>>> print(open('protein-v6.pdb').read())   # PDB, C-alpha atoms and all ligand atoms
ATOM      1  CA  MET A   1       0.000   0.000   0.000
ATOM      2  CA  ALA A   2       1.392   3.402  -0.962
ATOM      3  CA  ILE A   3       1.717   6.042   1.750
ATOM      4  CA  THR A   4       2.244   9.783   1.678
ATOM      5  CA  ILE A   5       4.979  11.460   3.695
ATOM      6  CA  LEU A   6       5.017  15.236   3.428
ATOM      7  CA  ASP A   7       4.893  15.942  -0.338
ATOM      8  CA  LYS A   8       5.949  12.504  -1.622
ATOM      9  CA  THR A   9       4.371   9.123  -2.201
ATOM     10  CA  PHE A  10       6.246   5.991  -1.185
ATOM     11  CA  ARG A  11       5.489   2.391  -2.097
ATOM     12  CA  PRO A  12       6.568  -0.823  -0.364
ATOM     13  CA  TYR A  13      10.069  -1.997  -1.193
ATOM     14  CA  LEU A  14      11.416  -4.292   1.565
ATOM     15  CA  SER A  15       8.997  -5.975   3.961
ATOM     16  CA  LYS A  16       9.700  -6.340   7.658
ATOM     17  CA  GLU A  17      10.105 -10.089   7.105
ATOM     18  CA  GLN A  18      12.766  -9.537   4.427
ATOM     19  CA  ILE A  19      14.596  -7.077   6.670
ATOM     20  CA  GLN A  20      14.491  -9.397   9.688
ATOM     21  CA  ALA A  21      15.710 -12.358   7.630
ATOM     22  CA  ALA A  22      18.677 -10.352   6.351
ATOM     23  CA  ILE A  23      19.524  -9.249   9.894
ATOM     24  CA  GLU A  24      19.311 -12.833  11.137
ATOM     25  CA  SER A  25      21.830 -13.941   8.554
ATOM     26  CA  ILE A  26      24.234 -11.076   9.333
ATOM     27  CA  ALA A  27      23.952 -11.829  13.077
ATOM     28  CA  ASN A  28      24.708 -15.511  12.472
ATOM     29  CA  ARG A  29      27.870 -14.603  10.589
ATOM     30  CA  ILE A  30      29.027 -12.164  13.261
ATOM     31  CA  ASN A  31      28.276 -14.651  16.054
ATOM     32  CA  THR A  32      30.533 -17.162  14.319
ATOM     33  CA  GLU A  33      33.303 -14.839  13.150
ATOM     34  CA  TYR A  34      33.659 -12.832  16.367
ATOM     35  CA  GLN A  35      33.600 -15.670  18.880
ATOM     36  CA  GLY A  36      35.980 -14.776  21.734
ATOM     37  CA  LYS A  37      36.688 -11.302  20.280
ATOM     38  CA  ASN A  38      34.232  -9.206  22.306
ATOM     39  CA  PRO A  39      33.417  -6.958  19.311
ATOM     40  CA  LEU A  40      32.481  -3.312  19.797
ATOM     41  CA  PHE A  41      29.527  -2.228  17.661
ATOM     42  CA  ILE A  42      29.511   1.452  16.725
ATOM     43  CA  PRO A  43      26.137   2.373  15.189
ATOM     44  CA  ILE A  44      25.829   5.785  13.597
ATOM     45  CA  LEU A  45      22.794   7.796  14.691
ATOM     46  CA  ASN A  46      20.145   8.644  13.822
ATOM     47  CA  GLY A  47      19.381   6.346  10.908
ATOM     48  CA  SER A  48      20.843   3.108  12.241
ATOM     49  CA  PHE A  49      19.054   2.938  15.612
ATOM     50  CA  MET A  50      16.438   0.384  14.556
ATOM     51  CA  PHE A  51      18.825  -1.779  12.546
ATOM     52  CA  ALA A  52      21.406  -1.723  15.347
ATOM     53  CA  SER A  53      18.789  -2.668  17.920
ATOM     54  CA  ASP A  54      17.405  -5.641  15.972
ATOM     55  CA  LEU A  55      20.901  -6.814  15.040
ATOM     56  CA  PHE A  56      22.275  -6.511  18.565
ATOM     57  CA  LYS A  57      19.345  -8.501  19.987
ATOM     58  CA  ARG A  58      20.498 -11.415  17.844
ATOM     59  CA  ILE A  59      24.118 -11.265  18.954
ATOM     60  CA  THR A  60      24.665 -14.189  21.302
ATOM     61  CA  ILE A  61      28.401 -13.773  21.976
ATOM     62  CA  PRO A  62      29.841 -11.247  24.466
ATOM     63  CA  ALA A  63      29.782  -7.869  22.692
ATOM     64  CA  GLU A  64      29.514  -4.152  23.424
ATOM     65  CA  ILE A  65      27.701  -1.289  21.719
ATOM     66  CA  SER A  66      28.382   2.449  21.730
ATOM     67  CA  PHE A  67      26.278   4.795  19.608
ATOM     68  CA  ILE A  68      27.760   7.864  17.985
ATOM     69  CA  LYS A  69      26.478  10.790  16.023
ATOM     70  CA  LEU A  70      28.389  12.395  13.183
ATOM     71  CA  ALA A  71      28.326  16.153  12.954
ATOM     72  CA  SER A  72      29.102  17.583   9.556
ATOM     73  CA  TYR A  73      30.079  21.206   9.036
ATOM     74  CA  LYS A  74      31.916  23.200   6.409
ATOM     75  CA  GLY A  75      35.603  23.251   7.128
ATOM     76  CA  THR A  76      37.619  26.414   7.023
ATOM     77  CA  HIS A  77      39.980  24.766   4.544
ATOM     78  CA  SER A  78      39.247  23.953   0.935
ATOM     79  CA  THR A  79      38.927  20.265   1.773
ATOM     80  CA  GLY A  80      35.140  20.605   2.128
ATOM     81  CA  ASN A  81      33.031  19.168   4.903
ATOM     82  CA  VAL A  82      34.557  18.151   8.188
ATOM     83  CA  ILE A  83      32.911  15.239   9.950
ATOM     84  CA  THR A  84      33.429  14.701  13.656
ATOM     85  CA  ALA A  85      32.155  11.890  15.837
ATOM     86  CA  ILE A  86      30.240  12.828  18.965
ATOM     87  CA  GLY A  87      29.762  10.432  21.849
ATOM     88  CA  LEU A  88      32.402   7.771  21.287
ATOM     89  CA  GLU A  89      33.223   7.103  24.907
ATOM     90  CA  THR A  90      34.604   3.598  24.578
ATOM     91  CA  GLU A  91      38.305   3.196  23.903
ATOM     92  CA  ILE A  92      38.735   1.475  20.541
ATOM     93  CA  TYR A  93      42.500   0.877  20.673
ATOM     94  CA  GLN A  94      43.105  -2.850  20.015
ATOM     95  CA  ARG A  95      39.344  -3.545  19.858
ATOM     96  CA  HIS A  96      37.464  -5.438  17.153
ATOM     97  CA  VAL A  97      35.200  -2.695  15.842
ATOM     98  CA  ILE A  98      32.106  -3.083  13.647
ATOM     99  CA  VAL A  99      30.613   0.172  12.353
ATOM    100  CA  ILE A 100      26.850  -0.049  11.829
ATOM    101  CA  GLU A 101      25.291   2.117   9.116
ATOM    102  CA  ASP A 102      21.708   2.274   7.876
ATOM    103  CA  ILE A 103      22.645   3.037   4.295
ATOM    104  CA  VAL A 104      25.789   3.695   2.299
ATOM    105  CA  ASP A 105      24.943   6.059  -0.532
ATOM    106  CA  THR A 106      27.902   7.946  -2.058
ATOM    107  CA  GLY A 107      30.273   6.513   0.548
ATOM    108  CA  LYS A 108      31.320  10.023   1.576
ATOM    109  CA  THR A 109      30.431   9.644   5.248
ATOM    110  CA  MET A 110      32.410   6.420   5.625
ATOM    111  CA  SER A 111      35.332   7.718   3.559
ATOM    112  CA  VAL A 112      35.825  10.453   6.149
ATOM    113  CA  PHE A 113      34.859   8.550   9.298
ATOM    114  CA  LEU A 114      36.695   5.241   8.829
ATOM    115  CA  PRO A 115      40.180   6.810   8.642
ATOM    116  CA  GLN A 116      39.404   8.605  11.929
ATOM    117  CA  LEU A 117      38.739   5.234  13.562
ATOM    118  CA  THR A 118      41.781   3.628  11.949
ATOM    119  CA  HIS A 119      43.867   6.410  13.455
ATOM    120  CA  GLN A 120      42.897   5.098  16.916
ATOM    121  CA  GLN A 121      44.348   1.682  16.019
ATOM    122  CA  PRO A 122      41.541  -0.813  16.485
ATOM    123  CA  GLN A 123      42.647  -4.428  16.148
ATOM    124  CA  SER A 124      40.163  -4.847  13.306
ATOM    125  CA  LEU A 125      37.604  -2.600  11.640
ATOM    126  CA  LYS A 126      34.628  -3.776   9.603
ATOM    127  CA  VAL A 127      31.534  -2.131   8.198
ATOM    128  CA  CYS A 128      28.007  -3.471   8.451
ATOM    129  CA  ALA A 129      25.266  -1.698   6.466
ATOM    130  CA  LEU A 130      21.643  -2.609   5.938
ATOM    131  CA  LEU A 131      21.456  -0.956   2.506
ATOM    132  CA  HIS A 132      23.901  -0.016  -0.225
ATOM    133  CA  LYS A 133      23.170   2.121  -3.296
ATOM    134  CA  LYS A 134      26.037   0.802  -5.359
ATOM    135  CA  ALA A 135      25.206   2.936  -8.411
ATOM    136  CA  ALA A 136      25.562   6.096  -6.298
ATOM    137  CA  THR A 137      29.142   5.307  -5.243
ATOM    138  CA  ILE A 138      31.600   8.183  -5.368
ATOM    139  CA  HIS A 139      33.941   6.890  -2.655
ATOM    140  CA  PRO A 140      34.356   3.129  -3.170
ATOM    141  CA  MET A 141      34.601   1.103   0.008
ATOM    142  CA  GLN A 142      34.221  -2.423   1.255
ATOM    143  CA  ILE A 143      31.028  -3.320   3.107
ATOM    144  CA  ASP A 144      31.806  -6.472   5.057
ATOM    145  CA  TYR A 145      28.249  -7.265   6.161
ATOM    146  CA  LEU A 146      25.443  -6.072   3.891
ATOM    147  CA  GLY A 147      21.703  -6.557   4.014
ATOM    148  CA  PHE A 148      20.615  -5.390   0.567
ATOM    149  CA  GLU A 149      22.049  -3.855  -2.589
ATOM    150  CA  ILE A 150      19.379  -1.367  -3.723
ATOM    151  CA  PRO A 151      18.840   0.846  -6.789
ATOM    152  CA  ASN A 152      19.731   4.532  -6.666
ATOM    153  CA  LEU A 153      16.310   5.633  -5.403
ATOM    154  CA  PHE A 154      15.325   7.445  -2.235
ATOM    155  CA  VAL A 155      14.050   5.119   0.494
ATOM    156  CA  VAL A 156      12.395   5.718   3.838
ATOM    157  CA  GLY A 157      11.431   3.690   6.915
ATOM    158  CA  TYR A 158      13.119   1.388   9.417
ATOM    159  CA  GLY A 159      15.158   4.279  10.838
ATOM    160  CA  LEU A 160      15.625   6.125   7.558
ATOM    161  CA  ASP A 161      13.900   9.466   7.219
ATOM    162  CA  TYR A 162      12.536  11.861   4.655
ATOM    163  CA  ASN A 163      12.949  15.340   6.168
ATOM    164  CA  GLY A 164      12.737  13.852   9.634
ATOM    165  CA  GLN A 165       9.622  11.764   8.956
ATOM    166  CA  GLY A 166       9.142   8.034   8.431
ATOM    167  CA  ARG A 167      11.787   6.601  10.749
ATOM    168  CA  ASN A 168       9.115   4.737  12.731
ATOM    169  CA  LEU A 169       7.996   2.498   9.853
ATOM    170  CA  ASP A 170       8.970  -1.152  10.348
ATOM    171  CA  SER A 171       9.473  -1.756   6.622
ATOM    172  CA  ILE A 172      11.324   0.143   3.898
ATOM    173  CA  LEU A 173       9.503   2.097   1.212
ATOM    174  CA  GLN A 174      10.778   3.548  -2.029
ATOM    175  CA  VAL A 175       9.838   6.927  -3.435
ATOM    176  CA  ASP A 176       7.272   6.740  -6.228
ATOM    177  CA  GLU A 177       8.621   8.722  -9.144
TER     178      GLU A 177
HETATM  179  P1  LIG B   1      26.751   8.853   2.058
HETATM  180  O1  LIG B   1      27.727   9.656   2.878
HETATM  181  O2  LIG B   1      26.479   9.540   0.725
HETATM  182  O3  LIG B   1      27.143   7.424   1.861
HETATM  183  O4  LIG B   1      25.355   8.961   2.789
HETATM  184  C1  LIG B   1      25.022   8.241   3.889
HETATM  185  C2  LIG B   1      23.875   8.904   4.644
HETATM  186  O5  LIG B   1      22.950   9.584   3.780
HETATM  187  C3  LIG B   1      23.045   7.842   5.331
HETATM  188  O6  LIG B   1      23.557   7.537   6.607
HETATM  189  C4  LIG B   1      21.666   8.474   5.382
HETATM  190  O7  LIG B   1      21.530   9.254   6.541
HETATM  191  C5  LIG B   1      21.607   9.373   4.175
HETATM  192  N1  LIG B   1      20.856   8.746   3.051
HETATM  193  C6  LIG B   1      21.365   8.345   1.864
HETATM  194  N2  LIG B   1      20.429   7.836   1.062
HETATM  195  C7  LIG B   1      19.256   7.887   1.760
HETATM  196  C8  LIG B   1      17.903   7.472   1.451
HETATM  197  O8  LIG B   1      17.562   6.939   0.374
HETATM  198  N3  LIG B   1      16.973   7.697   2.429
HETATM  199  C9  LIG B   1      17.293   8.279   3.624
HETATM  200  N4  LIG B   1      18.539   8.661   3.952
HETATM  201  C10 LIG B   1      19.524   8.475   3.020
END
>>> encode(input="protein-v6.pdb", output="C-alpha cells")
Amino acid sequence: MAITILDKTFRPYLSKEQIQAAIESIANRINTEYQGKNPLFIPILNGSFMFASDLFKRITIPAEISFIKLASYKGTHSTGNVITAIGLETEIYQRHVIVIEDIVDTGKTMSVFLPQLTHQQPQSLKVCALLHKKAATIHPMQIDYLGFEIPNLFVVGYGLDYNGQGRNLDSILQVDE
C-alpha cells in the first residue's frame, strides 16, 4: 500500500520479514566470526538505531555497543566538509570494531569517518550496512556485512527518514517517481 509522507508518495520496497531475515543472517555470521573477540559495535545515529537494535538482539556472543552521532560542518579549509564523531566514549584501541550504518549512498560519510577510527588503532575494523546504493558510489569502500544492494532511489522507513519523517515504519519504502 502506498503512503504519503510530506509531499511525496512511497510504495513498499522491503517488507519487515525480508529485513528481519537479512539481519538474522548477518547476526549468524558475526556470532561465528567474532567468537571470543568481544566486538564493539559502533552504530551511527540517527538512521541506524532500529537496525542496530534488531541486530544486537540477535548477537549471542559477548559484545559491546556504543552509539555515535556524526556532525558535519563546512571546514575552514578547501577540503570541504569536516565530519566529527560525537559520543564515542569507549576506547577502541586494540578492539574489534564493527561500524553499523543504515545506508551507504555515495560513501562520503564512511570515507571520512573510517580513517578517523583507523587512526585510533583498532585491532580490526569492519563495516556493516543494511542498505547499499552501489550505483551512487563516489567513494568506493568495502562493506563487510550487507543486508541489501538497492537501486539509486530514495528510500524511507526502518530508521531512515525523509525530512525527519518516516523513521518509525517497520518496513522500507521507495519513493514513487
Ligand atoms: P553517504 O555519505 O552519501 O554514503 O550517505 C550516507 C547517509 O545519507 C546515510 O547515513 C543516510 O543518513 C543518508 N541517506 C542516503 N540515502 C538515503 C535514502 O535513500 N533515504 C534516507 N537517507 C539516506
>>> resolve_selection(input="protein-v6.pdb", expression="the PyMOL selection byres (((chain A and resi 89) around 10) and not hetatm)", output="MDAnalysis selection string")
chainID A and resid 66:68 86:88 90:92
>>> resolve_selection(input="protein-v6.pdb", expression="the PyMOL selection byres (((not hetatm)) within 7 of (chain B and resi 1))", output="PyMOL selection string")
chain A and resi 47+101-110+153-156+160-162
>>> axis_aligned_box(input="protein-v6.pdb", around="segment 133-150 of chain A", padding_each_side="8 Å", output="lines of an AutoDock Vina configuration file")
center_x = 27.0
center_y = 0.5
center_z = -1.1
size_x = 31.2
size_y = 31.4
size_z = 30.6
>>> resolve_selection(input="protein-v6.pdb", expression="the PyMOL selection byres (((chain A and resi 126-129) around 8) and not hetatm)", output="ChimeraX atom specification")
/A:97-104,124-125,130-132,142-147
>>> write_last_selection(input="protein-v6.pdb", atoms="C-alpha atoms", output="short mmCIF file (atom, residue, chain, number, x, y, z; two decimals), in the frame of the given file")
data_model
loop_
_atom_site.label_atom_id
_atom_site.label_comp_id
_atom_site.auth_asym_id
_atom_site.auth_seq_id
_atom_site.Cartn_x
_atom_site.Cartn_y
_atom_site.Cartn_z
CA VAL A 97 35.20 -2.70 15.84
CA ILE A 98 32.11 -3.08 13.65
CA VAL A 99 30.61 0.17 12.35
CA ILE A 100 26.85 -0.05 11.83
CA GLU A 101 25.29 2.12 9.12
CA ASP A 102 21.71 2.27 7.88
CA ILE A 103 22.64 3.04 4.30
CA VAL A 104 25.79 3.70 2.30
CA SER A 124 40.16 -4.85 13.31
CA LEU A 125 37.60 -2.60 11.64
CA LEU A 130 21.64 -2.61 5.94
CA LEU A 131 21.46 -0.96 2.51
CA HIS A 132 23.90 -0.02 -0.22
CA GLN A 142 34.22 -2.42 1.25
CA ILE A 143 31.03 -3.32 3.11
CA ASP A 144 31.81 -6.47 5.06
CA TYR A 145 28.25 -7.26 6.16
CA LEU A 146 25.44 -6.07 3.89
CA GLY A 147 21.70 -6.56 4.01
#
>>> atom_distance(input="protein-v6.pdb", atom1="atom CA of Gln174 of chain A", atom2="atom CA of Pro12 of chain A")
6.3 Å
>>> atom_distance(input="protein-v6.pdb", atom1="atom CA of Leu117 of chain A", atom2="atom CA of Ile30 of chain A")
19.9 Å
>>> closest_atom_pairs(input="protein-v6.pdb", of="segment 15-40 of chain A", to="segment 48-52 of chain A", cutoff="10 Å", atoms="all atoms listed in the file", output="Markdown table")
| residue | atom | partner | partner_atom | distance |
| --- | --- | --- | --- | --- |
| A:Ile19 | CA | A:Phe51 | CA | 9.0 |
| A:Gln20 | CA | A:Phe51 | CA | 9.2 |
| A:Ile23 | CA | A:Phe51 | CA | 8.0 |
>>> write_last_selection(input="protein-v6.pdb", atoms="C-alpha atoms", output="PDB file, in the coordinates of the input")
ATOM      1  CA  ILE A  19      14.596  -7.077   6.670  1.00  0.00           C
ATOM      2  CA  GLN A  20      14.491  -9.397   9.688  1.00  0.00           C
ATOM      3  CA  ILE A  23      19.524  -9.249   9.894  1.00  0.00           C
TER       4      ILE A  23
END
>>> closest_residue(input="protein-v6.pdb", among="A:Glu24, A:Val112, A:Thr60, A:Gly159", to="Pro140 of chain A", atoms="all atoms listed in the file")
A:Val112
>>> atom_distance(input="protein-v6.pdb", atom1="atom CA of Arg95 of chain A", atom2="atom CA of Glu149 of chain A")
28.3 Å
>>> closest_residue(input="protein-v6.pdb", among="A:Leu45, A:Leu55, A:Ser15, A:Leu40", to="Asn28 of chain A", atoms="all atoms listed in the file")
A:Leu55
>>> closest_residue(input="protein-v6.pdb", among="A:Lys57, A:His96, A:Ala2, A:Ile65", to="Gln35 of chain A", atoms="all atoms listed in the file")
A:His96
>>> closest_residue(input="protein-v6.pdb", among="A:Leu70, A:Tyr93, A:Ala27, A:Pro39", to="Gln120 of chain A", atoms="only C-alpha atoms")
A:Tyr93
>>> closest_residue(input="protein-v6.pdb", among="A:Gly157, A:Pro115, A:Pro151, A:Gly36", to="Thr84 of chain A", atoms="only C-alpha atoms")
A:Pro115
>>> residues_near_point(input="protein-v6.pdb", point="(5.7, 6.8, 5.8)", cutoff="6 Å", atoms="all atoms listed in the file", output="list of chain:residue names")
A:Ile3, A:Ile5, A:Gly166
